[in-house]
Amino acid sequence: MRRVHIRSLDDLRTGLNKLKSNEALILGKMDASLGAKAPFVKKDWLASFLESVPGCVTRTKANLKHADGEPGLMYFDHDRKGADPAVIARMEELGGFEAALAKLDPQLAHVGFATRQSTSSGLFNSETGEEFPGSGGLHVYSTITNAADLKTYLKALVERGWLHGLSYFTIGNAGQVLERSIIDVSVSSAERIIFEAPPELAPPLKQFKREMTVRPGGMIDAKLLPDLTAAEKAEIDRRKREARAALGKPLKEAREKAVTKRVAAIVARDPKIAPERARRAAERQCEGVLLPSAMLHFADPELGEATVADVLRDPDRYIEQPMADPLEGPDYGDTTAMLFRKDSGELWIFSFAHGRTDYRIVADSGFIAESMATIEKERLAKWFVEVAADAEMSSVEESDLIAEADKMLGGGKKRALVADLKTERESRNKAQREAKSQAFTATIKRAMFTLLPDDAATAPILAEIDDVLCAIDSPEPPMRDVAGVPVDVEERAPFGDLHVLTSAGANAEEDEASRMEPPPQVTLVRQDFYSGELALQRYIAFLKTDEEGKVLYEAKPQEHVVRHHLKYRDSKMPRVKGVQTLPLVLPNGVAISRNGLHRDYGLIMRCDPKLLDMLPERAACDEDAVAAAMRFLLDDWLCDVAGDHAAKCVALAYALSVIERMIFGERPMFMVTSSQASSGKTTLLYMLVLAVLGIKPPAAAWAMSEEERRKALFSYLLQGLPTLVWDNIPNSGKVQSASLDRAATTAEYTDRMLGASSSPVAPAHTIMCFTGNNIEAVGDTASRTLEVRLLVPRSDPCNRKVRRKDPVEWTRRHRSNILAALYTVVLGNPLLDIPWTIESGKSTEQVSDGRFKMWHRMVGAALEHGSRIYADRVGLPAGETPLSFAVLFDKADEENAERIDALRDIRLLRTQWGDGEEFTASDVVFWAKGLPLENREATDFKERLQNARGEITAQRVGEVLSGLRDRPLSLECGEVLILHRRLILGVQRYSVERRILDDGI
């Protein structure tokens, strides 16, 4: 053996590629005393070799160990030979072997893997070219933070395999039931040899080179795999029972064949044995119980073959001697098992054949009867009690043996023998219970709580549970949301009245029946009673004990404990506000991408490792890099977007806002609109959301009632959606919502609930977007909304000339390039050079004007910087200027102010003439002159009606009314006012109409 230091999976690949055909790999760490290398021999050859080969050692656990507390190599061996076809089909359904492993333990989706086909793959006839199909096996290597956890971790994965259809039972050659899975547990031993070198092949047989692929990623942390809950254990037991029962007739036939063969061997060895006794021994051997007639094969030639009876008569001779598996025999290997004695005196055999098998060694009535005559009288009573305590015999056989022993002892000892036998059995049963309790608790990696009476004080229990949960050291520990409710991180489709955005929805032509379910997203899900109960069991084992304090079984937590835990206000568990699936650039220019909980920022990172390579270094994001990024984004990606430079930049602002949303206390909303259908609204939103999230945009239908919007909004925010598109807005509709306005200007949205003493809270980081034809934001919503207006100057916009036939698919294929360009623009923002500290959450000097200061620092200023560089180096069309969000917001404010004035004017006219009553400009002149000066709205209206000389004339009134006519102006109640004009006998007559929005506006 020689010691090899492997620092990475790339090192492993290099080393395995250099292996010669007479070399192999051992995962265990050589004992430090062995030096760099040492010759090894079989254990039973060691004594004879030591003289001729000084320093030689055995390949045993004494010299090879999985070092506790040190990282090591993890090996997943997947062999399809003889595998259950249903299990292989299930594995393929999940996406293959690596995807199936991730189903067993989600962290395996992100750890590093080195994968190659098994040694038997790639064989072909060099003369004929015929290729021979391999077994389909795979050798997958990874790294684990603690090598000592390797074996228990593999066993835990096999157990979890039963929950996902990836573990199964099969029938062994000896008629036994064998547990199998998509991975082999037996490879976990530190001294196990793994053959990776090319095999020696006889011509014309040859083998294609077995390439090893390396997937970068982290190490496996066995502590992150939670213990099975009581419910999961019960489900596994149920599935195992069903799987065993399903073996049915084939198992019965295989066992009968094996039993018949063993009976024949027992009778041939001892012709005097009763047939029923021989059959009993053969049947019990298949069940893991070895009766005296069973034959054992020891590796030591001096021991050779021996019966269990021989071992029972002289156990010291056989203790800790290597031997063959009692069922498989020497053909499977003569050192696969070993005999041991427990502290209680019981004999048992440990075998690592087929992963692990334990065998009990017990006497029967025939053996005791035959052996009593050979035992000295002085030790007969003690011997009888020790052997008979575990023997398999009927009550009649036991009574007969006690009577025979009493007779051999001279009589009068029967009562004492019965009492001693009872005491011995009670002692052994107690020892077994203690051992079982210790073994059970030893397998639990979780904290252990003894269930207290139902009337025990709740506060200390909750505090202790909370302390345990707070101490969990894992990337995604137990956590609560901003309202203090325990949450899980799940990938699921959003609930509520959400759907996938479509062009029909964007054009307000979609019916409810045609809406499709939105795509799954990684989000925070609040625990209810049932999920909360399971979550507690994931981290804590609640134990039911007897009066002596011995563990009886794992129980579920009491109901009142679960309910109090869900609402525990004094909890110190970390609070999280959402899930981030892309690297997040902080206000100090540092990008965080480590997966897991980031306590300082209250978020969970779930980044795809494949996307991390696209994140540029900040030092490389100079003006040249920003210029190249802006050219790529505007001229390559958004080349077919029918908007001006400002519109395209606002579209980029929407994408960047979704990425950076978690650090905004306030954020703008966005609107994508056009004058007609087929202008590219839906396509643009698909491109933007697909680029940053990798999914289709989730959408919600715009409700006419503000109350309906309020209730739906809280539900959507509670799910932590990264973005939400509001569609099905009526043509020429006015977008205004006090609830959305409030959500845009807070980090946490508080809703009101009738009859409740407290108000529920939800994180408000969702980036809102509206889409429709000829829609516009009004009121306060207008001052919080950035607009992307698409303009296609033709009647058939779908037939306009474009560079890309399928821009969405182009986005999918170039997603990493798009993300790299977006991050380059952000990281190239010179505003990030101005100091900012997490303690204060502010810059050390004022750097952003107007509203949404943090948003402007991270997104607005970055795009303004990029726009200026683009304008300088590429140029802008005539009449266009570099982007300024201050100008866009001011323009929205001006338009909104003018819209508000117009609405006030029409409301005054309606107050005077009502709905539908006609009036003329002269009527308005007469009426306006008498308006009271103390009414501010009336005074402002009079000022707008005055001409340059300060006079109110019919001509000036006509000009003002002409600017107001046929212009729907929204009321807060979901209605609009429209001023109409018609010519009657040469006179312009006006009227005010009040119309509900769903009438077509």
# chains A, B, ... in the order shown; residues from 1 in each chain; ligands from 1
$ residues_around --residues "Glu943 in chain A" --least-positions-apart "6" --cutoff "12 Å" --atoms "only C-alpha atoms" --output "tab-separated table (two decimals) with C-alpha atoms, in the first residue's frame"
chain	number	residue	atom	x	y	z
A	901	ASP	CA	-56.28	68.85	-12.45
A	905	ASP	CA	-62.24	70.17	-13.48
A	928	ALA	CA	-67.53	80.07	-13.33
A	929	LYS	CA	-67.77	83.78	-12.63
A	931	LEU	CA	-67.73	80.28	-8.12
A	933	LEU	CA	-63.19	82.17	-3.98
A	936	ARG	CA	-59.40	76.11	-3.71
A	937	GLU	CA	-60.42	73.69	-6.50
A	949	ARG	CA	-55.83	89.26	-20.03
A	950	GLY	CA	-57.34	87.44	-17.02
A	951	GLU	CA	-60.78	87.25	-18.61
A	952	ILE	CA	-63.09	84.19	-18.72
A	953	THR	CA	-64.46	84.04	-22.25
A	956	ARG	CA	-61.05	80.28	-23.76
A	957	VAL	CA	-63.53	77.91	-22.09
A	960	VAL	CA	-59.95	74.19	-22.13
$ closest_residue --among "A:Leu831, A:Ala878, A:Val992, A:Gly304" --to "Leu909 in chain A" --atoms "only C-alpha atoms"
A:Val992
$ closest_residue --among "A:His5, A:Arg280, A:His765, A:Arg910" --to "Val579 in chain A" --atoms "only C-alpha atoms"
A:His765
$ select_by_dssp --residues "range 629-839 of chain A" --states "alpha helix (DSSP H)" --output "VMD selection string"
chain A and resid 629 to 631 645 to 660 681 to 693 706 to 718 738 to 744 779 to 782 807 to 813 815 to 827
$ closest_atom_pairs --of "range 424-491 of chain A" --to "range 710-726 of chain A" --cutoff "10 Å" --atoms "only C-alpha atoms" --output "tab-separated table"
residue	atom	partner	partner_atom	distance
A:Asp481	CA	A:Leu718	CA	9.5
A:Val482	CA	A:Leu718	CA	9.8
A:Ala483	CA	A:Leu718	CA	10.0
$ select_by_dssp --residues "range 471-698 of chain A" --states "strand (DSSP E or B)" --output "PyMOL selection string"
chain A and resi 479-480+486-492+498-500+521-526+540-545+551-555+575+578-580+584-585+591-592+596-598+603-605+669-674+698
$ residues_around --residues "Val362 in chain A" --least-positions-apart "2" --cutoff "9 Å" --atoms "only C-alpha atoms" --output "ChimeraX atom specification"
/A:289-292,308,312,346-348,360,364,387-388,390-392
$ write_last_selection --atoms "N, CA and C atoms" --output "PDB file, in the first residue's frame"
ATOM      1  N   VAL A 289     -30.629 -17.367  12.416  1.00  0.00           N
ATOM      2  CA  VAL A 289     -30.431 -18.030  13.711  1.00  0.00           C
ATOM      3  C   VAL A 289     -29.727 -19.359  13.462  1.00  0.00           C
ATOM      4  N   LEU A 290     -28.563 -19.533  14.092  1.00  0.00           N
ATOM      5  CA  LEU A 290     -27.753 -20.733  13.852  1.00  0.00           C
ATOM      6  C   LEU A 290     -27.922 -21.707  15.012  1.00  0.00           C
ATOM      7  N   LEU A 291     -28.533 -22.852  14.725  1.00  0.00           N
ATOM      8  CA  LEU A 291     -28.718 -23.921  15.704  1.00  0.00           C
ATOM      9  C   LEU A 291     -27.512 -24.863  15.664  1.00  0.00           C
ATOM     10  N   PRO A 292     -27.358 -25.715  16.634  1.00  0.00           N
ATOM     11  CA  PRO A 292     -26.135 -26.533  16.738  1.00  0.00           C
ATOM     12  C   PRO A 292     -25.772 -27.341  15.499  1.00  0.00           C
ATOM     13  N   VAL A 308     -21.961 -25.461  14.818  1.00  0.00           N
ATOM     14  CA  VAL A 308     -22.297 -24.531  15.891  1.00  0.00           C
ATOM     15  C   VAL A 308     -22.171 -25.234  17.239  1.00  0.00           C
ATOM     16  N   LEU A 312     -20.308 -23.918  20.566  1.00  0.00           N
ATOM     17  CA  LEU A 312     -20.965 -23.803  21.866  1.00  0.00           C
ATOM     18  C   LEU A 312     -20.189 -24.548  22.951  1.00  0.00           C
ATOM     19  N   GLU A 346     -23.690 -13.973  25.255  1.00  0.00           N
ATOM     20  CA  GLU A 346     -24.283 -14.474  24.019  1.00  0.00           C
ATOM     21  C   GLU A 346     -23.249 -14.471  22.894  1.00  0.00           C
ATOM     22  N   LEU A 347     -23.341 -15.483  22.047  1.00  0.00           N
ATOM     23  CA  LEU A 347     -22.462 -15.585  20.885  1.00  0.00           C
ATOM     24  C   LEU A 347     -23.207 -15.094  19.649  1.00  0.00           C
ATOM     25  N   TRP A 348     -22.480 -14.389  18.757  1.00  0.00           N
ATOM     26  CA  TRP A 348     -23.095 -13.910  17.521  1.00  0.00           C
ATOM     27  C   TRP A 348     -22.026 -13.762  16.446  1.00  0.00           C
ATOM     28  N   ARG A 360     -27.389 -14.962  15.101  1.00  0.00           N
ATOM     29  CA  ARG A 360     -27.391 -15.406  16.498  1.00  0.00           C
ATOM     30  C   ARG A 360     -27.016 -16.876  16.573  1.00  0.00           C
ATOM     31  N   ASP A 364     -30.250 -25.858  21.121  1.00  0.00           N
ATOM     32  CA  ASP A 364     -31.600 -26.413  21.113  1.00  0.00           C
ATOM     33  C   ASP A 364     -31.651 -27.542  22.123  1.00  0.00           C
ATOM     34  N   VAL A 387     -26.625 -21.903  28.946  1.00  0.00           N
ATOM     35  CA  VAL A 387     -26.950 -22.384  27.601  1.00  0.00           C
ATOM     36  C   VAL A 387     -28.453 -22.394  27.356  1.00  0.00           C
ATOM     37  N   ALA A 388     -29.209 -22.798  28.369  1.00  0.00           N
ATOM     38  CA  ALA A 388     -30.655 -22.923  28.185  1.00  0.00           C
ATOM     39  C   ALA A 388     -31.365 -21.577  28.142  1.00  0.00           C
ATOM     40  N   ASP A 390     -31.021 -18.992  26.327  1.00  0.00           N
ATOM     41  CA  ASP A 390     -31.341 -18.526  24.972  1.00  0.00           C
ATOM     42  C   ASP A 390     -31.708 -19.669  24.032  1.00  0.00           C
ATOM     43  N   ALA A 391     -31.771 -20.868  24.535  1.00  0.00           N
ATOM     44  CA  ALA A 391     -31.998 -22.014  23.655  1.00  0.00           C
ATOM     45  C   ALA A 391     -33.398 -21.988  23.060  1.00  0.00           C
ATOM     46  N   GLU A 392     -33.508 -22.579  21.874  1.00  0.00           N
ATOM     47  CA  GLU A 392     -34.802 -22.707  21.221  1.00  0.00           C
ATOM     48  C   GLU A 392     -35.380 -24.080  21.568  1.00  0.00           C
TER      49      GLU A 392
END
$ residues_around --residues "Asp546 in chain A" --least-positions-apart "3" --cutoff "12 Å" --atoms "only C-alpha atoms" --output "list in words"
Arg433, Glu434, Ser437, Thr450, Leu451, Leu452, Leu543, Gly549, Lys550, Val551, Leu552 and Tyr553 of chain A
$ write_last_selection --atoms "all heavy atoms" --output "compact mmCIF listing (two decimals), in the first residue's frame"
# COMPACT_ATOMS: atom_id res chain seq x y z
N ARG A 433 -32.65 -4.90 26.47
CA ARG A 433 -33.41 -3.65 26.40
C ARG A 433 -32.49 -2.45 26.52
O ARG A 433 -32.65 -1.46 25.79
CB ARG A 433 -34.47 -3.62 27.50
CG ARG A 433 -35.64 -4.56 27.28
CD ARG A 433 -36.81 -4.19 28.20
NE ARG A 433 -36.43 -4.17 29.60
CZ ARG A 433 -36.49 -5.24 30.41
NH1 ARG A 433 -36.90 -6.40 29.92
NH2 ARG A 433 -36.16 -5.13 31.69
N GLU A 434 -31.54 -2.52 27.45
CA GLU A 434 -30.59 -1.42 27.61
C GLU A 434 -29.74 -1.24 26.35
O GLU A 434 -29.52 -0.12 25.89
CB GLU A 434 -29.71 -1.66 28.82
CG GLU A 434 -30.44 -1.53 30.15
CD GLU A 434 -29.53 -1.77 31.34
OE1 GLU A 434 -28.37 -2.18 31.11
OE2 GLU A 434 -29.96 -1.54 32.48
N SER A 437 -31.88 0.21 23.71
CA SER A 437 -32.10 1.63 23.99
C SER A 437 -30.86 2.44 23.63
O SER A 437 -30.95 3.49 22.99
CB SER A 437 -32.45 1.83 25.46
OG SER A 437 -32.57 3.20 25.77
N THR A 450 -36.95 13.95 26.31
CA THR A 450 -37.87 13.00 26.93
C THR A 450 -39.22 13.66 27.08
O THR A 450 -39.33 14.78 27.59
CB THR A 450 -37.34 12.57 28.30
OG1 THR A 450 -36.07 11.95 28.14
CG2 THR A 450 -38.29 11.58 28.96
N LEU A 451 -40.25 12.98 26.59
CA LEU A 451 -41.59 13.55 26.68
C LEU A 451 -42.00 13.73 28.13
O LEU A 451 -41.89 12.81 28.94
CB LEU A 451 -42.60 12.64 25.98
CG LEU A 451 -42.57 12.63 24.45
CD1 LEU A 451 -43.63 11.68 23.92
CD2 LEU A 451 -42.80 14.02 23.89
N LEU A 452 -42.48 14.91 28.47
CA LEU A 452 -42.94 15.22 29.82
C LEU A 452 -44.46 15.08 29.88
O LEU A 452 -45.14 15.05 28.84
CB LEU A 452 -42.52 16.65 30.19
CG LEU A 452 -41.00 16.90 30.23
CD1 LEU A 452 -40.74 18.36 30.52
CD2 LEU A 452 -40.32 16.01 31.26
N LEU A 543 -38.62 11.27 22.87
CA LEU A 543 -38.50 9.89 23.29
C LEU A 543 -39.50 9.55 24.39
O LEU A 543 -39.65 10.28 25.37
CB LEU A 543 -37.08 9.60 23.78
CG LEU A 543 -35.96 9.96 22.79
CD1 LEU A 543 -34.60 9.67 23.41
CD2 LEU A 543 -36.14 9.20 21.49
N GLY A 549 -36.61 4.92 32.97
CA GLY A 549 -35.94 5.89 32.12
C GLY A 549 -35.37 5.29 30.85
O GLY A 549 -34.67 5.97 30.09
N LYS A 550 -35.66 4.01 30.59
CA LYS A 550 -35.18 3.36 29.37
C LYS A 550 -36.07 3.78 28.20
O LYS A 550 -37.30 3.88 28.32
CB LYS A 550 -35.19 1.84 29.51
CG LYS A 550 -34.36 1.31 30.67
CD LYS A 550 -32.88 1.61 30.44
CE LYS A 550 -32.03 0.98 31.52
NZ LYS A 550 -32.31 1.51 32.87
N VAL A 551 -35.44 4.04 27.07
CA VAL A 551 -36.18 4.50 25.90
C VAL A 551 -37.00 3.36 25.32
O VAL A 551 -36.48 2.27 25.05
CB VAL A 551 -35.22 5.04 24.83
CG1 VAL A 551 -35.99 5.42 23.57
CG2 VAL A 551 -34.46 6.24 25.37
N LEU A 552 -38.29 3.61 25.15
CA LEU A 552 -39.17 2.61 24.55
C LEU A 552 -39.28 2.82 23.04
O LEU A 552 -39.16 1.87 22.27
CB LEU A 552 -40.57 2.70 25.18
CG LEU A 552 -40.65 2.42 26.69
CD1 LEU A 552 -42.06 2.65 27.19
CD2 LEU A 552 -40.20 0.99 26.98
N TYR A 553 -39.48 4.05 22.63
CA TYR A 553 -39.61 4.35 21.21
C TYR A 553 -39.58 5.86 21.02
O TYR A 553 -39.66 6.63 21.98
CB TYR A 553 -40.91 3.78 20.63
CG TYR A 553 -42.17 4.21 21.35
CD1 TYR A 553 -42.82 5.40 21.00
CD2 TYR A 553 -42.71 3.43 22.36
CE1 TYR A 553 -43.97 5.80 21.66
CE2 TYR A 553 -43.87 3.82 23.03
CZ TYR A 553 -44.49 5.01 22.66
OH TYR A 553 -45.64 5.41 23.31
$ residues_around --residues "Lys223 in chain A" --least-positions-apart "6" --cutoff "9 Å" --atoms "only C-alpha atoms" --output "short mmCIF file (atom, residue, chain, number, x, y, z; two decimals) with C-alpha atoms, in the first residue's frame"
data_model
loop_
_atom_site.label_atom_id
_atom_site.label_comp_id
_atom_site.auth_asym_id
_atom_site.auth_seq_id
_atom_site.Cartn_x
_atom_site.Cartn_y
_atom_site.Cartn_z
CA ASP A 149 -19.71 9.57 8.71
CA TYR A 153 -24.51 8.33 5.64
CA LYS A 445 -27.91 12.50 15.48
CA ASP A 473 -25.38 24.33 12.20
CA SER A 474 -26.47 23.89 8.61
#
$ residues_around --residues "Ser531 in chain A" --least-positions-apart "2" --cutoff "12 Å" --atoms "only C-alpha atoms" --output "NGL selection string"
:A and (229 or 231 or 486-488 or 525-529 or 533-538 or 562-563 or 566)
$ residues_around --residues "Tyr749 in chain A" --least-positions-apart "5" --cutoff "9 Å" --atoms "only C-alpha atoms" --output "list in words"
Phe714, Leu717, Arg742, Ala743, Pro760, Val761, Ala762, Pro763 and Ala764 of chain A
$ closest_residue --among "A:Ser371, A:Asn947, A:Ser395, A:Ser732" --to "Asp314 in chain A" --atoms "only C-alpha atoms"
A:Ser371
$ closest_residue --among "A:Gly589, A:Pro520, A:Pro807, A:Gly82" --to "Asp636 in chain A" --atoms "only C-alpha atoms"
A:Pro807
$ closest_residue --among "A:Ala871, A:Ile775, A:Ile402, A:Val792" --to "Ile368 in chain A" --atoms "only C-alpha atoms"
A:Ile402
$ closest_residue --among "A:Leu634, A:Asp644, A:Ser737, A:Pro797" --to "Gly680 in chain A" --atoms "only C-alpha atoms"
A:Pro797
$ decode --residues "range 901-923 of chain A" --atoms "N, CA, C and O atoms" --output "CSV table (one decimal), in the first residue's frame"
chain,number,residue,atom,x,y,z
A,901,ASP,N,-55.6,67.6,-12.2
A,901,ASP,CA,-56.3,68.8,-12.5
A,901,ASP,C,-57.5,68.6,-13.4
A,901,ASP,O,-58.6,69.2,-13.2
A,902,ALA,N,-57.2,67.8,-14.5
A,902,ALA,CA,-58.3,67.6,-15.4
A,902,ALA,C,-59.5,66.9,-14.7
A,902,ALA,O,-60.7,67.2,-15.0
A,903,LEU,N,-59.2,65.9,-13.9
A,903,LEU,CA,-60.2,65.2,-13.2
A,903,LEU,C,-61.0,66.1,-12.3
A,903,LEU,O,-62.2,66.0,-12.2
A,904,ARG,N,-60.3,67.0,-11.6
A,904,ARG,CA,-61.0,67.9,-10.7
A,904,ARG,C,-61.9,68.8,-11.5
A,904,ARG,O,-63.0,69.2,-11.0
A,905,ASP,N,-61.4,69.3,-12.7
A,905,ASP,CA,-62.2,70.2,-13.5
A,905,ASP,C,-63.5,69.5,-13.9
A,905,ASP,O,-64.6,70.0,-13.8
A,906,ILE,N,-63.4,68.2,-14.4
A,906,ILE,CA,-64.6,67.5,-14.8
A,906,ILE,C,-65.6,67.2,-13.7
A,906,ILE,O,-66.8,67.2,-13.8
A,907,ARG,N,-65.0,66.9,-12.5
A,907,ARG,CA,-65.8,66.7,-11.3
A,907,ARG,C,-66.6,67.9,-11.0
A,907,ARG,O,-67.8,67.9,-10.5
A,908,LEU,N,-66.0,69.1,-11.1
A,908,LEU,CA,-66.7,70.4,-10.8
A,908,LEU,C,-67.8,70.5,-11.8
A,908,LEU,O,-69.0,71.0,-11.4
A,909,LEU,N,-67.6,70.3,-13.1
A,909,LEU,CA,-68.6,70.4,-14.1
A,909,LEU,C,-69.8,69.4,-13.8
A,909,LEU,O,-70.9,69.7,-14.0
A,910,ARG,N,-69.4,68.2,-13.4
A,910,ARG,CA,-70.4,67.2,-13.1
A,910,ARG,C,-71.3,67.6,-11.9
A,910,ARG,O,-72.5,67.3,-11.8
A,911,THR,N,-70.6,68.2,-10.9
A,911,THR,CA,-71.3,68.7,-9.7
A,911,THR,C,-72.4,69.7,-10.1
A,911,THR,O,-73.5,69.7,-9.6
A,912,GLN,N,-72.1,70.5,-11.1
A,912,GLN,CA,-73.0,71.6,-11.6
A,912,GLN,C,-74.1,71.0,-12.5
A,912,GLN,O,-75.3,71.3,-12.3
A,913,TRP,N,-73.7,70.2,-13.5
A,913,TRP,CA,-74.7,69.7,-14.5
A,913,TRP,C,-75.1,68.3,-14.4
A,913,TRP,O,-75.9,67.8,-15.1
A,914,GLY,N,-74.5,67.5,-13.5
A,914,GLY,CA,-74.9,66.1,-13.3
A,914,GLY,C,-74.4,65.2,-14.4
A,914,GLY,O,-73.6,65.6,-15.3
A,915,ASP,N,-74.9,64.0,-14.5
A,915,ASP,CA,-74.5,63.0,-15.5
A,915,ASP,C,-75.4,63.1,-16.7
A,915,ASP,O,-76.7,63.0,-16.6
A,916,GLY,N,-74.8,63.4,-17.8
A,916,GLY,CA,-75.5,63.4,-19.1
A,916,GLY,C,-76.2,64.7,-19.5
A,916,GLY,O,-76.6,64.9,-20.6
A,917,GLU,N,-76.3,65.7,-18.6
A,917,GLU,CA,-77.0,67.0,-18.9
A,917,GLU,C,-76.0,67.8,-19.7
A,917,GLU,O,-74.8,68.0,-19.4
A,918,GLU,N,-76.5,68.4,-20.8
A,918,GLU,CA,-75.7,69.1,-21.7
A,918,GLU,C,-75.5,70.6,-21.3
A,918,GLU,O,-76.4,71.2,-20.7
A,919,PHE,N,-74.4,71.2,-21.6
A,919,PHE,CA,-74.1,72.6,-21.4
A,919,PHE,C,-73.2,73.1,-22.4
A,919,PHE,O,-72.5,72.4,-23.2
A,920,THR,N,-73.1,74.5,-22.5
A,920,THR,CA,-72.3,75.1,-23.5
A,920,THR,C,-71.2,75.9,-22.9
A,920,THR,O,-71.1,76.0,-21.6
A,921,ALA,N,-70.2,76.4,-23.7
A,921,ALA,CA,-69.1,77.2,-23.1
A,921,ALA,C,-69.6,78.4,-22.5
A,921,ALA,O,-69.1,78.8,-21.4
A,922,SER,N,-70.7,79.0,-23.0
A,922,SER,CA,-71.3,80.2,-22.4
A,922,SER,C,-71.9,79.9,-21.1
A,922,SER,O,-71.8,80.7,-20.1
A,923,ASP,N,-72.5,78.7,-20.9
A,923,ASP,CA,-73.0,78.3,-19.6
A,923,ASP,C,-71.9,78.2,-18.6
A,923,ASP,O,-72.1,78.7,-17.4
